[in-house]
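K.L.:
mmCIF, C-alpha atoms (C1' of nucleotides), saved as structure13.cif, coming up:
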data_work
#
loop_
_atom_site.group_PDB
_atom_site.id
_atom_site.type_symbol
_atom_site.label_atom_id
_atom_site.label_comp_id
_atom_site.auth_asym_id
_atom_site.auth_seq_id
_atom_site.Cartn_x
_atom_site.Cartn_y
_atom_site.Cartn_z
ATOM 1 C CA MET A 20 -52.119 -69.557 121.223
ATOM 2 C CA ASN A 21 -49.119 -71.732 121.625
ATOM 3 C CA GLU A 22 -47.098 -71.093 124.695
ATOM 4 C CA PHE A 23 -43.514 -71.926 124.158
ATOM 5 C CA ARG A 24 -41.795 -73.746 126.937
ATOM 6 C CA PRO A 25 -38.014 -73.411 127.074
ATOM 7 C CA PRO A 26 -36.309 -76.689 126.233
ATOM 8 C CA THR A 27 -35.006 -78.661 129.158
ATOM 9 C CA THR A 28 -31.445 -79.939 129.422
ATOM 10 C CA PHE A 29 -32.625 -83.373 128.478
ATOM 11 C CA GLU A 30 -34.332 -82.085 125.385
ATOM 12 C CA GLN A 31 -31.274 -80.074 124.455
ATOM 13 C CA LYS A 32 -29.229 -83.250 124.450
ATOM 14 C CA VAL A 33 -31.765 -84.951 122.249
ATOM 15 C CA TYR A 34 -31.733 -82.156 119.709
ATOM 16 C CA ASP A 35 -27.987 -81.935 119.737
ATOM 17 C CA ALA A 36 -27.742 -85.627 118.993
ATOM 18 C CA LEU A 37 -30.194 -85.289 116.127
ATOM 19 C CA HIS A 38 -27.926 -82.813 114.428
ATOM 20 C CA LEU A 39 -25.131 -85.379 114.442
ATOM 21 C CA ILE A 40 -27.044 -87.731 112.201
ATOM 22 C CA PRO A 41 -25.583 -87.541 108.695
ATOM 23 C CA LYS A 42 -28.009 -86.848 105.909
ATOM 24 C CA GLY A 43 -29.196 -90.058 104.304
ATOM 25 C CA LYS A 44 -29.098 -91.909 107.617
ATOM 26 C CA VAL A 45 -31.401 -92.435 110.538
ATOM 27 C CA THR A 46 -30.915 -93.341 114.162
ATOM 28 C CA THR A 47 -33.087 -95.139 116.650
ATOM 29 C CA TYR A 48 -34.725 -94.003 119.841
ATOM 30 C CA ARG A 49 -32.543 -96.354 121.758
ATOM 31 C CA ALA A 50 -29.237 -95.410 120.114
ATOM 32 C CA LEU A 51 -30.070 -91.814 120.788
ATOM 33 C CA GLY A 52 -30.882 -92.677 124.367
ATOM 34 C CA GLU A 53 -27.588 -94.442 124.851
ATOM 35 C CA TYR A 54 -25.745 -91.492 123.425
ATOM 36 C CA ILE A 55 -27.168 -89.239 126.102
ATOM 37 C CA SER A 56 -26.995 -91.917 128.807
ATOM 38 C CA CYS A 57 -30.693 -92.521 129.026
ATOM 39 C CA ARG A 58 -31.978 -96.061 129.081
ATOM 40 C CA SER A 59 -35.517 -95.099 128.269
ATOM 41 C CA ALA A 60 -36.223 -94.801 124.579
ATOM 42 C CA GLN A 61 -39.681 -93.784 125.669
ATOM 43 C CA ALA A 62 -38.316 -90.657 127.275
ATOM 44 C CA ILE A 63 -36.641 -89.844 123.975
ATOM 45 C CA GLY A 64 -39.923 -90.195 122.168
ATOM 46 C CA GLN A 65 -41.489 -87.933 124.747
ATOM 47 C CA ALA A 66 -38.850 -85.280 124.234
ATOM 48 C CA LEU A 67 -39.487 -85.329 120.506
ATOM 49 C CA ARG A 68 -43.245 -85.313 120.702
ATOM 50 C CA ARG A 69 -43.313 -82.497 123.234
ATOM 51 C CA ASN A 70 -41.278 -80.409 120.910
ATOM 52 C CA PRO A 71 -42.762 -78.853 117.920
ATOM 53 C CA MET A 72 -40.470 -77.837 115.128
ATOM 54 C CA ALA A 73 -39.364 -74.913 117.266
ATOM 55 C CA SER A 74 -36.151 -76.768 117.972
ATOM 56 C CA GLY A 75 -35.218 -76.975 114.312
ATOM 57 C CA ALA A 76 -34.093 -80.546 114.880
ATOM 58 C CA PRO A 77 -34.449 -83.201 112.177
ATOM 59 C CA CYS A 78 -36.811 -85.231 114.294
ATOM 60 C CA HIS A 79 -37.851 -87.332 111.295
ATOM 61 C CA ARG A 80 -34.483 -89.107 111.356
ATOM 62 C CA VAL A 81 -35.417 -91.172 114.387
ATOM 63 C CA VAL A 82 -36.945 -94.604 113.934
ATOM 64 C CA LYS A 83 -37.746 -97.510 116.195
ATOM 65 C CA THR A 84 -35.110 -100.002 117.240
ATOM 66 C CA ASP A 85 -36.546 -102.650 114.930
ATOM 67 C CA ARG A 86 -35.895 -100.088 112.187
ATOM 68 C CA THR A 87 -39.522 -99.590 111.258
ATOM 69 C CA ILE A 88 -40.711 -96.056 110.651
ATOM 70 C CA GLY A 89 -41.909 -95.182 114.140
ATOM 71 C CA GLY A 90 -44.137 -92.210 114.837
ATOM 72 C CA PHE A 91 -44.216 -88.603 113.853
ATOM 73 C CA SER A 92 -45.922 -85.401 114.851
ATOM 74 C CA GLY A 93 -47.546 -86.943 117.882
ATOM 75 C CA GLN A 94 -49.001 -89.936 116.085
ATOM 76 C CA SER A 95 -47.932 -93.544 115.683
ATOM 77 C CA ASP A 96 -49.614 -93.964 112.337
ATOM 78 C CA GLY A 97 -51.657 -92.112 109.753
ATOM 79 C CA GLU A 98 -50.793 -89.120 107.645
ATOM 80 C CA PRO A 99 -47.952 -87.686 109.717
ATOM 81 C CA VAL A 100 -46.110 -90.981 109.490
ATOM 82 C CA MET A 101 -46.624 -91.055 105.746
ATOM 83 C CA ARG A 102 -45.037 -87.627 105.558
ATOM 84 C CA LYS A 103 -42.146 -88.822 107.649
ATOM 85 C CA LYS A 104 -41.587 -91.750 105.328
ATOM 86 C CA ARG A 105 -41.682 -89.554 102.260
ATOM 87 C CA LEU A 106 -39.277 -87.145 103.895
ATOM 88 C CA LEU A 107 -36.815 -89.900 104.634
ATOM 89 C CA GLU A 108 -37.073 -91.255 101.115
ATOM 90 C CA SER A 109 -36.335 -87.806 99.754
ATOM 91 C CA GLU A 110 -33.185 -87.782 101.869
ATOM 92 C CA GLY A 111 -31.965 -91.039 100.400
ATOM 93 C CA ILE A 112 -33.398 -93.523 102.871
ATOM 94 C CA SER A 113 -34.833 -96.656 101.321
ATOM 95 C CA PHE A 114 -37.461 -98.929 102.772
ATOM 96 C CA GLN A 115 -37.531 -102.680 102.357
ATOM 97 C CA GLU A 116 -40.665 -104.610 101.569
ATOM 98 C CA ASP A 117 -41.264 -105.383 105.203
ATOM 99 C CA GLY A 118 -41.199 -101.701 106.034
ATOM 100 C CA THR A 119 -37.789 -101.698 107.673
ATOM 101 C CA ILE A 120 -34.783 -99.571 106.842
ATOM 102 C CA PRO A 121 -31.544 -101.404 105.924
ATOM 103 C CA GLU A 122 -29.077 -101.373 108.766
ATOM 104 C CA GLU A 123 -26.459 -99.767 106.511
ATOM 105 C CA GLN A 124 -28.564 -96.635 106.534
ATOM 106 C CA CYS A 125 -28.724 -96.444 110.297
ATOM 107 C CA TYR A 126 -26.396 -94.261 112.306
ATOM 108 C CA PHE A 127 -25.470 -95.543 115.739
ATOM 109 C CA PHE A 128 -23.132 -92.795 116.908
ATOM 110 C CA ASP A 129 -20.128 -94.979 116.185
ATOM 111 C CA ASP A 130 -17.990 -91.895 115.923
ATOM 112 C "C1'" DA B 3 -45.456 -84.709 145.811
ATOM 113 C "C1'" DG B 4 -47.759 -88.376 143.562
ATOM 114 C "C1'" DA B 5 -50.135 -90.205 139.473
ATOM 115 C "C1'" DT B 6 -50.515 -90.326 134.568
ATOM 116 C "C1'" DT B 7 -48.839 -90.199 129.880
ATOM 117 C "C1'" DG B 8 -46.167 -91.782 125.975
ATOM 118 C "C1'" DA B 9 -43.239 -90.666 118.489
ATOM 119 C "C1'" DC B 10 -40.297 -97.063 123.122
ATOM 120 C "C1'" DT B 11 -38.467 -101.944 123.894
ATOM 121 C "C1'" DA B 12 -38.052 -106.487 125.393
ATOM 122 C "C1'" DA B 13 -39.950 -110.362 127.479
ATOM 123 C "C1'" DC B 14 -43.666 -113.209 128.203
ATOM 124 C "C1'" DC B 15 -48.041 -115.707 127.231
ATOM 125 C "C1'" DA C 4 -48.710 -114.044 115.375
ATOM 126 C "C1'" DG C 5 -50.863 -110.949 118.389
ATOM 127 C "C1'" DG C 6 -51.982 -109.331 123.240
ATOM 128 C "C1'" DT C 7 -50.278 -108.364 127.883
ATOM 129 C "C1'" DT C 8 -46.798 -107.188 131.384
ATOM 130 C "C1'" DA C 9 -42.873 -105.116 132.948
ATOM 131 C "C1'" DG C 10 -39.057 -101.816 132.712
ATOM 132 C "C1'" DC C 11 -37.676 -97.498 131.502
ATOM 133 C "C1'" DC C 12 -37.687 -92.102 132.453
ATOM 134 C "C1'" DA C 13 -38.798 -86.984 131.415
ATOM 135 C "C1'" DA C 14 -42.711 -83.978 131.078
ATOM 136 C "C1'" DT C 15 -47.213 -82.987 132.430
ATOM 137 C "C1'" DC C 16 -51.407 -83.180 135.121
#
Write the structure described by the file as structure tokens, please.
P.N.:
Amino acid sequence: MNEFRPPTTFEQKVYDALHLIPKGKVTTYRALGEYISCRSAQAIGQALRRNPMASGAPCHRVVKTDRTIGGFSGQSDGEPVMRKKRLLESEGISFQEDGTIPEEQCYFFDD
DNA sequence: AGATTGACTAACC
DNA sequence: AGGTTAGCCAATC
């Protein structure tokens, strides 16, 4: 059975930042990383993937820096990513024909 | 303690 | 346009 590992300080920061994202917006791995003073977007991705929904964080609101969908639920493509996309659309996020999200819908922790 | 992994990114070829 | 390399950094092996 799943053994829960207490979240690390780093992960706490990631989750906290996620909660700051307004509904109807997304952020990027990098913007999130800058917010918590981490220059590795990869480490952000790791924090998210290592954490199941136990954190209660809206982990679907994080996309890649090029504003494409990015991964979800441990996968970079496939069904989980489809779910992520649907989830974002249901929250008001729109996707352009090239698969990117308009910059106006991105939240970069400007405030 | 060192090597590997990875929901990343940018630069290079 | 698509593959490889390099940089990044926390968690895991």
K.L.:
Check which residues of chain C sit at most 6 Å from chain A using all atoms listed in the file, and return one row each with the closest pair of atoms and their distance in Å to one decimal, ordered by chain and rising number, as CSV.
P.N.:
residue,atom,partner,partner_atom,distance
C:DC11,C1',A:Ser59,CA,4.6
C:DC12,C1',A:Ala62,CA,5.4
C:DA13,C1',A:Ala62,CA,5.6
K.L.:
Restricted to C-alpha atoms (C1' of nucleotides), what would the selected residues look like written as a short mmCIF file (atom, residue, chain, number, x, y, z; two decimals), in the coordinates of the input?
P.N.:
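Printed below is result19.cif as written:
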data_model
loop_
_atom_site.label_atom_id
_atom_site.label_comp_id
_atom_site.auth_asym_id
_atom_site.auth_seq_id
_atom_site.Cartn_x
_atom_site.Cartn_y
_atom_site.Cartn_z
"C1'" DC C 11 -37.68 -97.50 131.50
"C1'" DC C 12 -37.69 -92.10 132.45
"C1'" DA C 13 -38.80 -86.98 131.42
#
K.L.:
Could you give me, as a list in words, the residues within 12 Å of DT7 in chain C, counting all atoms listed in the file and dropping anything in the same chain fewer than 5 positions from it?
P.N.:
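Answer for this query is DA13, DC14 and DC15 of chain B.
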K.L.:
List the residues selected by the PyMOL selection byres ((chain A) within 12 of (chain B)) in the file shown, writing them as a PDB file with C-alpha atoms, in the coordinates of the input.
P.N.:
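Saved to selection01.pdb:
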ATOM      1  CA  THR A  47     -33.087 -95.139 116.650  1.00  0.00           C
ATOM      2  CA  TYR A  48     -34.725 -94.003 119.841  1.00  0.00           C
ATOM      3  CA  ARG A  49     -32.543 -96.354 121.758  1.00  0.00           C
ATOM      4  CA  ALA A  50     -29.237 -95.410 120.114  1.00  0.00           C
ATOM      5  CA  LEU A  51     -30.070 -91.814 120.788  1.00  0.00           C
ATOM      6  CA  GLY A  52     -30.882 -92.677 124.367  1.00  0.00           C
ATOM      7  CA  ARG A  58     -31.978 -96.061 129.081  1.00  0.00           C
ATOM      8  CA  SER A  59     -35.517 -95.099 128.269  1.00  0.00           C
ATOM      9  CA  ALA A  60     -36.223 -94.801 124.579  1.00  0.00           C
ATOM     10  CA  GLN A  61     -39.681 -93.784 125.669  1.00  0.00           C
ATOM     11  CA  ALA A  62     -38.316 -90.657 127.275  1.00  0.00           C
ATOM     12  CA  ILE A  63     -36.641 -89.844 123.975  1.00  0.00           C
ATOM     13  CA  GLY A  64     -39.923 -90.195 122.168  1.00  0.00           C
ATOM     14  CA  GLN A  65     -41.489 -87.933 124.747  1.00  0.00           C
ATOM     15  CA  ALA A  66     -38.850 -85.280 124.234  1.00  0.00           C
ATOM     16  CA  LEU A  67     -39.487 -85.329 120.506  1.00  0.00           C
ATOM     17  CA  ARG A  68     -43.245 -85.313 120.702  1.00  0.00           C
ATOM     18  CA  ARG A  69     -43.313 -82.497 123.234  1.00  0.00           C
ATOM     19  CA  ASN A  70     -41.278 -80.409 120.910  1.00  0.00           C
ATOM     20  CA  PRO A  71     -42.762 -78.853 117.920  1.00  0.00           C
ATOM     21  CA  CYS A  78     -36.811 -85.231 114.294  1.00  0.00           C
ATOM     22  CA  HIS A  79     -37.851 -87.332 111.295  1.00  0.00           C
ATOM     23  CA  ARG A  80     -34.483 -89.107 111.356  1.00  0.00           C
ATOM     24  CA  VAL A  81     -35.417 -91.172 114.387  1.00  0.00           C
ATOM     25  CA  VAL A  82     -36.945 -94.604 113.934  1.00  0.00           C
ATOM     26  CA  LYS A  83     -37.746 -97.510 116.195  1.00  0.00           C
ATOM     27  CA  THR A  84     -35.110-100.002 117.240  1.00  0.00           C
ATOM     28  CA  ASP A  85     -36.546-102.650 114.930  1.00  0.00           C
ATOM     29  CA  ILE A  88     -40.711 -96.056 110.651  1.00  0.00           C
ATOM     30  CA  GLY A  89     -41.909 -95.182 114.140  1.00  0.00           C
ATOM     31  CA  GLY A  90     -44.137 -92.210 114.837  1.00  0.00           C
ATOM     32  CA  PHE A  91     -44.216 -88.603 113.853  1.00  0.00           C
ATOM     33  CA  SER A  92     -45.922 -85.401 114.851  1.00  0.00           C
ATOM     34  CA  GLY A  93     -47.546 -86.943 117.882  1.00  0.00           C
ATOM     35  CA  GLN A  94     -49.001 -89.936 116.085  1.00  0.00           C
ATOM     36  CA  SER A  95     -47.932 -93.544 115.683  1.00  0.00           C
ATOM     37  CA  ASP A  96     -49.614 -93.964 112.337  1.00  0.00           C
ATOM     38  CA  PRO A  99     -47.952 -87.686 109.717  1.00  0.00           C
ATOM     39  CA  VAL A 100     -46.110 -90.981 109.490  1.00  0.00           C
ATOM     40  CA  LYS A 103     -42.146 -88.822 107.649  1.00  0.00           C
TER      41      LYS A 103
END
K.L.:
Find the axis-aligned box for range 10-14 of chain C, covering all its listed atoms and adding 6 Å on each side, and write its centre and edge lengths in Å to one decimal as lines of an AutoDock Vina configuration file.
P.N.:
center_x = -40.2
center_y = -92.9
center_z = 131.9
size_x = 17.0
size_y = 29.8
size_z = 13.6
K.L.:
Using CA of Glu53 in chain A and C1' of DA14 in chain C as the two end points, give the distance in Å to one decimal.
P.N.:
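Straight-line distance from CA of Glu53 in chain A to C1' of DA14 in chain C works out to 19.4 Å.
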K.L.:
How many Å separate CA of Arg105 in chain A from CA of His38 in chain A?
P.N.:
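CA of His38 in chain A lies 19.6 Å from CA of Arg105 in chain A.
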K.L.:
What is the CA of Pro121 in chain A to CA of Ala76 in chain A distance in Å?
P.N.:
22.8 Å
